[in-house]
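Structure below is data-v8.pdb: PDB, C-alpha atoms.
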```
ATOM      1  CA  MET A   1      86.422 113.105 139.591
ATOM      2  CA  GLU A   2      88.536 116.195 140.003
ATOM      3  CA  THR A   3      89.356 117.993 136.826
ATOM      4  CA  THR A   4      92.939 118.372 135.800
ATOM      5  CA  PHE A   5      93.545 121.161 133.320
ATOM      6  CA  ASP A   6      96.860 120.465 131.684
ATOM      7  CA  LEU A   7      97.708 123.741 129.958
ATOM      8  CA  PRO A   8     100.746 122.707 127.877
ATOM      9  CA  ALA A   9      98.922 119.644 126.587
ATOM     10  CA  ASN A  10      95.889 121.748 125.695
ATOM     11  CA  ILE A  11      98.002 124.295 123.833
ATOM     12  CA  ALA A  12      99.723 121.471 121.965
ATOM     13  CA  PHE A  13      96.353 119.978 121.150
ATOM     14  CA  GLY A  14      95.085 123.306 119.797
ATOM     15  CA  VAL A  15      98.081 123.819 117.547
ATOM     16  CA  ILE A  16      97.973 120.255 116.238
ATOM     17  CA  ALA A  17      94.208 120.324 115.719
ATOM     18  CA  VAL A  18      94.343 123.558 113.722
ATOM     19  CA  ALA A  19      97.190 122.169 111.606
ATOM     20  CA  ILE A  20      95.276 118.938 110.938
ATOM     21  CA  ILE A  21      92.045 120.677 109.944
ATOM     22  CA  VAL A  22      93.709 123.289 107.719
ATOM     23  CA  ALA A  23      95.781 120.611 105.998
ATOM     24  CA  ALA A  24      92.731 118.335 105.594
ATOM     25  CA  ILE A  25      90.761 121.153 103.965
ATOM     26  CA  ARG A  26      93.685 121.771 101.639
ATOM     27  CA  VAL A  27      93.772 118.061 100.717
ATOM     28  CA  VAL A  28      90.151 118.150  99.569
ATOM     29  CA  THR A  29      90.251 121.586  97.913
ATOM     30  CA  THR A  30      93.682 122.035  96.341
ATOM     31  CA  ARG A  31      93.896 122.023  92.559
ATOM     32  CA  ASN A  32      97.338 120.486  92.440
ATOM     33  CA  ILE A  33      97.235 116.747  92.950
ATOM     34  CA  VAL A  34     100.849 116.490  94.153
ATOM     35  CA  HIS A  35     100.185 119.218  96.713
ATOM     36  CA  ALA A  36      97.212 117.190  97.946
ATOM     37  CA  ALA A  37      99.559 114.269  98.649
ATOM     38  CA  LEU A  38     101.961 116.583 100.483
ATOM     39  CA  TRP A  39      99.174 118.150 102.580
ATOM     40  CA  LEU A  40      98.110 114.603 103.395
ATOM     41  CA  VAL A  41     101.540 114.170 105.023
ATOM     42  CA  VAL A  42     100.689 117.076 107.366
ATOM     43  CA  VAL A  43      97.328 115.476 108.251
ATOM     44  CA  LEU A  44      98.881 112.079 108.948
ATOM     45  CA  GLY A  45     101.781 113.586 110.898
ATOM     46  CA  GLY A  46      99.367 115.640 112.981
ATOM     47  CA  VAL A  47      97.295 112.552 113.753
ATOM     48  CA  GLY A  48     100.513 110.839 114.869
ATOM     49  CA  ALA A  49     101.205 113.801 117.176
ATOM     50  CA  ILE A  50      97.683 113.418 118.611
ATOM     51  CA  TYR A  51      98.513 109.773 119.394
ATOM     52  CA  ILE A  52     101.620 110.918 121.252
ATOM     53  CA  LEU A  53      99.478 113.427 123.157
ATOM     54  CA  LEU A  54      97.204 110.514 124.093
ATOM     55  CA  GLN A  55     100.285 108.600 125.260
ATOM     56  CA  ALA A  56      99.908 105.913 122.623
ATOM     57  CA  GLU A  57     103.540 105.862 121.571
ATOM     58  CA  PHE A  58     103.496 102.576 119.707
ATOM     59  CA  VAL A  59     100.501 103.541 117.564
ATOM     60  CA  ALA A  60     102.198 106.875 116.832
ATOM     61  CA  VAL A  61     105.410 105.195 115.684
ATOM     62  CA  VAL A  62     103.454 102.762 113.506
ATOM     63  CA  GLN A  63     101.475 105.701 112.101
ATOM     64  CA  TYR A  64     104.670 107.477 111.080
ATOM     65  CA  LEU A  65     106.301 104.347 109.660
ATOM     66  CA  VAL A  66     103.330 102.942 107.756
ATOM     67  CA  TYR A  67     101.449 106.054 106.678
ATOM     68  CA  ILE A  68     104.140 108.638 106.041
ATOM     69  CA  GLY A  69     106.827 106.115 105.195
ATOM     70  CA  ALA A  70     104.845 103.822 102.942
ATOM     71  CA  ILE A  71     101.334 104.953 102.032
ATOM     72  CA  VAL A  72     102.234 108.497 100.982
ATOM     73  CA  VAL A  73     105.031 107.127  98.807
ATOM     74  CA  LEU A  74     102.480 104.724  97.310
ATOM     75  CA  PHE A  75     100.194 107.690  96.565
ATOM     76  CA  LEU A  76     103.016 109.594  94.904
ATOM     77  CA  PHE A  77     103.744 106.525  92.765
ATOM     78  CA  GLY A  78     100.049 106.300  91.917
ATOM     79  CA  ILE A  79     100.038 109.951  90.844
ATOM     80  CA  MET A  80     103.168 109.391  88.773
ATOM     81  CA  LEU A  81     101.923 106.220  87.075
ATOM     82  CA  THR A  82      98.553 107.731  86.167
ATOM     83  CA  ARG A  83     100.483 110.616  84.560
ATOM     84  CA  ALA A  84      98.654 113.387  86.346
ATOM     85  CA  PRO A  85      99.773 116.669  84.821
ATOM     86  CA  LEU A  86     101.934 118.667  87.212
ATOM     87  CA  GLY A  87     100.566 122.058  88.158
ATOM     88  CA  GLU A  88      96.988 123.204  88.551
ATOM     89  CA  MET A  89      94.044 121.204  87.262
ATOM     90  CA  LEU A  90      90.642 122.813  87.251
ATOM     91  CA  ASP A  91      88.516 119.673  86.956
ATOM     92  CA  LEU A  92      89.553 117.828  90.125
ATOM     93  CA  THR A  93      86.299 118.711  91.889
ATOM     94  CA  ASN A  94      82.861 117.830  90.576
ATOM     95  CA  ARG A  95      81.039 121.179  90.401
ATOM     96  CA  THR A  96      77.517 119.774  90.555
ATOM     97  CA  MET A  97      78.298 117.434  93.457
ATOM     98  CA  ARG A  98      80.099 120.121  95.396
ATOM     99  CA  VAL A  99      77.143 121.892  97.005
ATOM    100  CA  GLY A 100      75.526 118.591  97.965
ATOM    101  CA  ALA A 101      78.802 117.339  99.391
ATOM    102  CA  ILE A 102      79.230 120.460 101.512
ATOM    103  CA  ILE A 103      75.662 120.167 102.820
ATOM    104  CA  THR A 104      76.175 116.472 103.615
ATOM    105  CA  ALA A 105      79.434 117.161 105.438
ATOM    106  CA  VAL A 106      77.967 120.032 107.472
ATOM    107  CA  ILE A 107      74.898 118.011 108.495
ATOM    108  CA  LEU A 108      77.094 115.039 109.392
ATOM    109  CA  VAL A 109      79.492 117.132 111.485
ATOM    110  CA  THR A 110      76.565 118.766 113.280
ATOM    111  CA  ILE A 111      75.009 115.422 114.186
ATOM    112  CA  MET A 112      78.322 113.878 115.226
ATOM    113  CA  VAL A 113      79.465 116.845 117.336
ATOM    114  CA  PHE A 114      76.062 117.098 118.992
ATOM    115  CA  SER A 115      75.916 113.405 119.882
ATOM    116  CA  VAL A 116      79.517 113.371 121.102
ATOM    117  CA  VAL A 117      79.077 116.467 123.249
ATOM    118  CA  ASP A 118      75.812 115.068 124.573
ATOM    119  CA  SER A 119      77.332 111.700 125.487
ATOM    120  CA  PHE A 120      80.688 112.647 127.013
ATOM    121  CA  ARG A 121      79.936 116.074 128.442
ATOM    122  CA  ASP A 122      82.964 116.754 130.612
ATOM    123  CA  GLU A 123      84.678 113.410 130.830
ATOM    124  CA  GLU A 124      88.405 113.769 131.154
ATOM    125  CA  VAL A 125      91.024 111.827 129.322
ATOM    126  CA  ASP A 126      92.830 109.808 131.941
ATOM    127  CA  PHE A 127      95.466 107.231 131.418
ATOM    128  CA  ILE A 128      94.190 104.670 133.891
ATOM    129  CA  ALA A 129      93.457 101.979 131.387
ATOM    130  CA  TYR A 130      96.988 101.831 130.049
ATOM    131  CA  SER A 131      98.335 100.191 133.173
ATOM    132  CA  GLY A 132      96.827  96.897 132.122
ATOM    133  CA  ASP A 133      94.368  95.782 134.742
ATOM    134  CA  VAL A 134      91.606  98.348 134.444
ATOM    135  CA  ALA A 135      89.762  97.436 137.620
ATOM    136  CA  ALA A 136      92.788  97.587 139.884
ATOM    137  CA  ALA A 137      94.531 100.409 138.107
ATOM    138  CA  GLN A 138      95.674 103.602 139.755
ATOM    139  CA  THR A 139      97.511 106.449 138.176
ATOM    140  CA  PHE A 140     101.051 106.867 139.356
ATOM    141  CA  ALA A 141     100.225 110.245 140.869
ATOM    142  CA  ASP A 142      97.521 108.708 143.085
ATOM    143  CA  LEU A 143     100.048 106.567 144.946
ATOM    144  CA  SER A 144     101.640 107.713 148.166
ATOM    145  CA  ALA A 145     105.282 108.725 148.104
ATOM    146  CA  GLU A 146     106.430 105.372 149.525
ATOM    147  CA  GLU A 147     104.394 103.394 147.029
ATOM    148  CA  GLN A 148     105.802 105.508 144.206
ATOM    149  CA  GLU A 149     109.276 104.708 145.413
ATOM    150  CA  THR A 150     108.469 100.995 145.515
ATOM    151  CA  VAL A 151     107.156 101.112 141.973
ATOM    152  CA  LEU A 152     110.228 102.983 140.783
ATOM    153  CA  ASP A 153     112.492 100.455 142.517
ATOM    154  CA  GLU A 154     110.649  97.590 140.854
ATOM    155  CA  VAL A 155     110.937  99.320 137.502
ATOM    156  CA  ALA A 156     114.642  99.887 138.040
ATOM    157  CA  ALA A 157     115.175  96.260 139.069
ATOM    158  CA  ILE A 158     113.300  94.955 136.064
ATOM    159  CA  GLY A 159     114.942  97.505 133.784
ATOM    160  CA  ALA A 160     118.305  96.075 134.767
ATOM    161  CA  GLU A 161     117.114  92.695 133.543
ATOM    162  CA  GLY A 162     116.157  94.205 130.227
ATOM    163  CA  THR A 163     112.386  94.073 130.438
ATOM    164  CA  ASP A 164     109.810  96.702 131.319
ATOM    165  CA  LEU A 165     106.830  96.948 133.641
ATOM    166  CA  GLY A 166     103.132  97.725 133.245
ATOM    167  CA  PRO A 167     102.432 101.354 134.108
ATOM    168  CA  VAL A 168     105.489 102.718 132.350
ATOM    169  CA  GLY A 169     105.801 100.110 129.622
ATOM    170  CA  ARG A 170     102.650 100.861 127.671
ATOM    171  CA  THR A 171     103.975  99.323 124.503
ATOM    172  CA  GLU A 172     104.302  96.129 126.479
ATOM    173  CA  THR A 173     100.623  96.352 127.414
ATOM    174  CA  VAL A 174      99.715  96.773 123.749
ATOM    175  CA  SER A 175     101.834  93.824 122.686
ATOM    176  CA  ASP A 176     100.404  91.688 125.505
ATOM    177  CA  SER A 177      96.946  92.500 124.277
ATOM    178  CA  ILE A 178      97.798  91.747 120.636
ATOM    179  CA  PHE A 179      99.489  88.437 121.316
ATOM    180  CA  ARG A 180      97.088  87.274 124.017
ATOM    181  CA  ASP A 181      93.572  88.619 123.421
ATOM    182  CA  TYR A 182      93.815  89.341 119.712
ATOM    183  CA  LEU A 183      96.160  86.630 118.489
ATOM    184  CA  ILE A 184      93.777  85.179 115.905
ATOM    185  CA  PRO A 185      92.856  88.543 114.322
ATOM    186  CA  PHE A 186      96.586  89.294 114.222
ATOM    187  CA  GLU A 187      97.265  86.116 112.260
ATOM    188  CA  VAL A 188      94.305  86.833 109.971
ATOM    189  CA  ILE A 189      95.818  90.284 109.268
ATOM    190  CA  SER A 190      99.012  88.635 108.057
ATOM    191  CA  ALA A 191      96.989  86.459 105.661
ATOM    192  CA  LEU A 192      95.102  89.571 104.530
ATOM    193  CA  LEU A 193      98.344  91.422 103.799
ATOM    194  CA  LEU A 194      99.628  88.465 101.781
ATOM    195  CA  ALA A 195      96.360  88.304  99.826
ATOM    196  CA  ALA A 196      96.441  92.063  99.185
ATOM    197  CA  LEU A 197     100.062  91.837  98.038
ATOM    198  CA  ILE A 198      99.335  89.035  95.574
ATOM    199  CA  GLY A 199      96.098  90.696  94.476
ATOM    200  CA  ALA A 200      97.789  94.028  93.786
ATOM    201  CA  ILE A 201     100.513  92.316  91.741
ATOM    202  CA  VAL A 202      97.996  90.298  89.722
ATOM    203  CA  ILE A 203      95.780  93.338  89.048
ATOM    204  CA  ALA A 204      98.528  95.735  88.111
ATOM    205  CA  ARG A 205     100.723  93.318  86.132
ATOM    206  CA  ARG A 206     101.031  94.077  82.453
ATOM    207  CA  ASP A 207     100.749  90.985  80.254
TER
ATOM    208  CA  MET B   1      92.241 117.243 128.544
ATOM    209  CA  LEU B   2      88.655 116.492 127.788
ATOM    210  CA  LEU B   3      87.757 113.361 125.903
ATOM    211  CA  ASN B   4      85.410 115.508 123.841
ATOM    212  CA  GLN B   5      88.071 117.616 122.198
ATOM    213  CA  PHE B   6      89.598 114.545 120.578
ATOM    214  CA  LEU B   7      86.199 113.211 119.509
ATOM    215  CA  ILE B   8      85.209 116.553 117.970
ATOM    216  CA  LEU B   9      88.524 116.821 116.118
ATOM    217  CA  SER B  10      87.908 113.330 114.807
ATOM    218  CA  ALA B  11      84.347 114.210 113.734
ATOM    219  CA  VAL B  12      85.535 117.291 111.839
ATOM    220  CA  LEU B  13      88.323 115.341 110.117
ATOM    221  CA  PHE B  14      85.827 112.618 109.200
ATOM    222  CA  CYS B  15      83.443 115.113 107.622
ATOM    223  CA  ILE B  16      86.203 116.780 105.617
ATOM    224  CA  GLY B  17      87.050 113.295 104.356
ATOM    225  CA  VAL B  18      83.389 112.637 103.480
ATOM    226  CA  TYR B  19      83.345 115.885 101.492
ATOM    227  CA  GLY B  20      86.477 114.752  99.647
ATOM    228  CA  VAL B  21      85.006 111.340  98.802
ATOM    229  CA  LEU B  22      81.790 112.914  97.484
ATOM    230  CA  ALA B  23      83.161 115.909  95.615
ATOM    231  CA  ARG B  24      86.471 114.822  94.146
ATOM    232  CA  ARG B  25      86.606 113.393  90.643
ATOM    233  CA  ASN B  26      90.138 112.016  90.607
ATOM    234  CA  ALA B  27      90.312 108.437  91.911
ATOM    235  CA  VAL B  28      93.668 108.956  93.673
ATOM    236  CA  LEU B  29      92.260 111.964  95.536
ATOM    237  CA  VAL B  30      89.258 109.896  96.621
ATOM    238  CA  LEU B  31      91.621 107.272  98.027
ATOM    239  CA  MET B  32      93.438 110.032  99.960
ATOM    240  CA  SER B  33      90.114 111.155 101.441
ATOM    241  CA  ILE B  34      89.391 107.562 102.499
ATOM    242  CA  GLU B  35      92.720 107.551 104.339
ATOM    243  CA  MET B  36      91.567 110.643 106.233
ATOM    244  CA  LEU B  37      88.328 108.866 107.187
ATOM    245  CA  LEU B  38      90.284 105.915 108.564
ATOM    246  CA  ASN B  39      92.567 108.265 110.504
ATOM    247  CA  ALA B  40      89.572 110.005 112.062
ATOM    248  CA  VAL B  41      88.282 106.625 113.243
ATOM    249  CA  ASN B  42      91.712 105.822 114.667
ATOM    250  CA  ILE B  43      91.782 109.046 116.701
ATOM    251  CA  ASN B  44      88.465 107.971 118.234
ATOM    252  CA  LEU B  45      89.726 104.495 119.075
ATOM    253  CA  VAL B  46      92.947 105.741 120.660
ATOM    254  CA  ALA B  47      91.082 108.423 122.636
ATOM    255  CA  PHE B  48      88.658 105.815 123.985
ATOM    256  CA  SER B  49      91.538 103.497 124.842
ATOM    257  CA  THR B  50      92.661 105.992 127.504
ATOM    258  CA  ARG B  51      89.529 105.178 129.489
ATOM    259  CA  TRP B  52      88.387 101.730 128.504
ATOM    260  CA  GLY B  53      91.475  99.607 128.090
ATOM    261  CA  VAL B  54      94.197  99.117 125.586
ATOM    262  CA  SER B  55      92.032  97.267 123.048
ATOM    263  CA  GLY B  56      91.357 100.545 121.246
ATOM    264  CA  GLN B  57      95.027 100.887 120.383
ATOM    265  CA  VAL B  58      95.121  97.304 119.125
ATOM    266  CA  PHE B  59      92.154  97.993 116.850
ATOM    267  CA  ALA B  60      93.847 101.184 115.632
ATOM    268  CA  LEU B  61      96.878  99.101 114.678
ATOM    269  CA  PHE B  62      94.651  96.612 112.835
ATOM    270  CA  ILE B  63      92.986  99.481 110.977
ATOM    271  CA  ILE B  64      96.390 100.850 109.955
ATOM    272  CA  ALA B  65      97.334  97.411 108.573
ATOM    273  CA  VAL B  66      94.029  97.042 106.703
ATOM    274  CA  ALA B  67      94.380 100.601 105.345
ATOM    275  CA  ALA B  68      97.812  99.761 103.964
ATOM    276  CA  ALA B  69      96.393  96.695 102.195
ATOM    277  CA  GLU B  70      93.416  98.701 100.951
ATOM    278  CA  VAL B  71      95.592 101.445  99.438
ATOM    279  CA  GLY B  72      97.790  98.870  97.718
ATOM    280  CA  VAL B  73      94.853  97.102  96.051
ATOM    281  CA  GLY B  74      93.023 100.392  95.429
ATOM    282  CA  LEU B  75      95.933 101.975  93.610
ATOM    283  CA  ALA B  76      96.418  98.788  91.573
ATOM    284  CA  ILE B  77      92.771  99.026  90.468
ATOM    285  CA  VAL B  78      93.166 102.733  89.665
ATOM    286  CA  LEU B  79      96.261 101.896  87.619
ATOM    287  CA  LEU B  80      94.338  99.241  85.687
ATOM    288  CA  ILE B  81      91.485 101.687  84.993
ATOM    289  CA  TYR B  82      94.011 104.245  83.804
ATOM    290  CA  ARG B  83      95.631 101.687  81.511
ATOM    291  CA  ASN B  84      92.302 100.677  79.964
ATOM    292  CA  ARG B  85      90.773 104.144  79.603
ATOM    293  CA  THR B  86      93.723 106.595  79.901
ATOM    294  CA  SER B  87      91.684 108.515  82.482
ATOM    295  CA  ILE B  88      90.916 108.122  86.184
ATOM    296  CA  ASP B  89      87.989 110.522  86.179
ATOM    297  CA  LEU B  90      85.310 108.842  88.283
ATOM    298  CA  ASP B  91      82.480 110.688  86.492
ATOM    299  CA  GLU B  92      83.347 108.854  83.285
ATOM    300  CA  LEU B  93      83.037 105.422  84.916
ATOM    301  CA  ASP B  94      79.286 105.147  84.464
ATOM    302  CA  GLU B  95      78.856 101.815  82.647
ATOM    303  CA  MET B  96      76.966 100.370  85.602
ATOM    304  CA  LYS B  97      74.419 103.181  85.616
ATOM    305  CA  GLY B  98      70.986 101.821  84.683
TER
END
```
Since I need it in another form, could you write the structure as structure tokens?
Amino acid sequence: METTFDLPANIAFGVIAVAIIVAAIRVVTTRNIVHAALWLVVVLGGVGAIYILLQAEFVAVVQYLVYIGAIVVLFLFGIMLTRAPLGEMLDLTNRTMRVGAIITAVILVTIMVFSVVDSFRDEEVDFIAYSGDVAAAQTFADLSAEEQETVLDEVAAIGAEGTDLGPVGRTETVSDSIFRDYLIPFEVISALLLAALIGAIVIARRD
Amino acid sequence: MLLNQFLILSAVLFCIGVYGVLARRNAVLVLMSIEMLLNAVNINLVAFSTRWGVSGQVFALFIIAVAAAEVGVGLAIVLLIYRNRTSIDLDELDEMKG
């Protein structure tokens, strides 16, 4: 497979990756618990940007809505309700566990990076699979000029009717997959959310 | 873009999260580190979905939903511990130690 080096995307990836890692280190090292929650916003936002870079728009939007919109607010409420003192706290990290934790993390990252590099040496990210049928899929750029025009015409025709088509409508592919292949897990998730909701209320209720 | 750069980013984020889970004493901070672990897994799934079908994105969405439920229940438990002991220091929760 020919390699495609996409410079703008790589620069964007570098910036986002550095932001994510710096913010993640701040989350686990900062002495101010509210700052940790705010650095967590940077981590989650950066991960959402990575999803956009991977052309997974729907997952990115859900990431922003659910994580930054809901979970971070939940964390801030948790911090408020447990009456964490504002400002610096010196005892947020366990001194004796710290060295062991660093060693564990370094060993783990070494093993994971080695195995990943060993398995996927120079495989490129391509966006073939998004167009639905993996076996028959082609990227848009692979098509001849006439075929591209045909596809665009079809898209335009369908767009006028208010729906969208495979290769460009990736959210549609995701929703097809959820409601066709993964319908039962999807329904189970709704039961799980209901159970978690009731469970959280029962646990936290004061009576 | 190489597939590897996403996988390595995810591995590094995962290990920072592991450090947070092991070293932090405050229960809310441990829950934050668990969120970072789940996000690292999601980066992997979405990166793989570019090559092997859209299922990876669907699983990422499921993980986001389960993470939301997990944080809700987790913070409720932390709140209950705080109410009973006026502290959420995990080192003090050692009743189950033999």
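The protein and nucleic acid residues lying at most 12 Å from Ala60 of chain A are Leu44, Gly45, Gly46, Val47, Gly48, Ala49, Ile50, Tyr51, Ile52, Leu53, Leu54, Gln55, Leu65, Val66, Tyr67, Ile68 and Thr171 of chain A; Asn39, Asn42, Ile43, Val46, Gln57, Ala60, Leu61 and Ile64 of chain B, with all atoms listed in the file considered and sequence neighbours fewer than 5 positions away removed.
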Discussion item. To test your reading of the syntax: which residues would the PyMOL selection byres ((chain B and resi 91) around 10) return for the file shown? Reply as a PyMOL selection string.
Written reply: (chain A and resi 94) or (chain B and resi 24-27+88-90+92-94)
Would you compute, for all listed atoms of segment 42-59 of chain B, the axis-aligned bounding box grown by 8 Å on each side, and then report its centre and edge lengths in Å rounded to one decimal, as lines of an AutoDock Vina configuration file?
```
center_x = 91.8
center_y = 103.2
center_z = 122.1
size_x = 22.7
size_y = 27.8
size_z = 30.8
```
Please evaluate the ChimeraX specification (/B :<6) & /A against the displayed coordinates and give the resulting residues as a PDB file with C-alpha atoms, in the frame of the given file.
```pdb
ATOM      1  CA  VAL A  28      90.151 118.150  99.569  1.00  0.00           C
ATOM      2  CA  LEU A  92      89.553 117.828  90.125  1.00  0.00           C
ATOM      3  CA  THR A  93      86.299 118.711  91.889  1.00  0.00           C
ATOM      4  CA  ASN A  94      82.861 117.830  90.576  1.00  0.00           C
ATOM      5  CA  MET A  97      78.298 117.434  93.457  1.00  0.00           C
ATOM      6  CA  ARG A  98      80.099 120.121  95.396  1.00  0.00           C
ATOM      7  CA  ALA A 101      78.802 117.339  99.391  1.00  0.00           C
ATOM      8  CA  ALA A 105      79.434 117.161 105.438  1.00  0.00           C
ATOM      9  CA  VAL A 109      79.492 117.132 111.485  1.00  0.00           C
ATOM     10  CA  VAL A 113      79.465 116.845 117.336  1.00  0.00           C
ATOM     11  CA  GLU A 123      84.678 113.410 130.830  1.00  0.00           C
ATOM     12  CA  GLU A 124      88.405 113.769 131.154  1.00  0.00           C
ATOM     13  CA  VAL A 125      91.024 111.827 129.322  1.00  0.00           C
ATOM     14  CA  ASP A 126      92.830 109.808 131.941  1.00  0.00           C
ATOM     15  CA  PHE A 127      95.466 107.231 131.418  1.00  0.00           C
ATOM     16  CA  ALA A 129      93.457 101.979 131.387  1.00  0.00           C
ATOM     17  CA  TYR A 130      96.988 101.831 130.049  1.00  0.00           C
ATOM     18  CA  LEU A 193      98.344  91.422 103.799  1.00  0.00           C
ATOM     19  CA  ALA A 196      96.441  92.063  99.185  1.00  0.00           C
ATOM     20  CA  ALA A 200      97.789  94.028  93.786  1.00  0.00           C
ATOM     21  CA  ALA A 204      98.528  95.735  88.111  1.00  0.00           C
TER      22      ALA A 204
END
```
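The spacing separating atom CA of Gly69 of chain A from atom CA of Val27 of chain A amounts to 18.3 Å.
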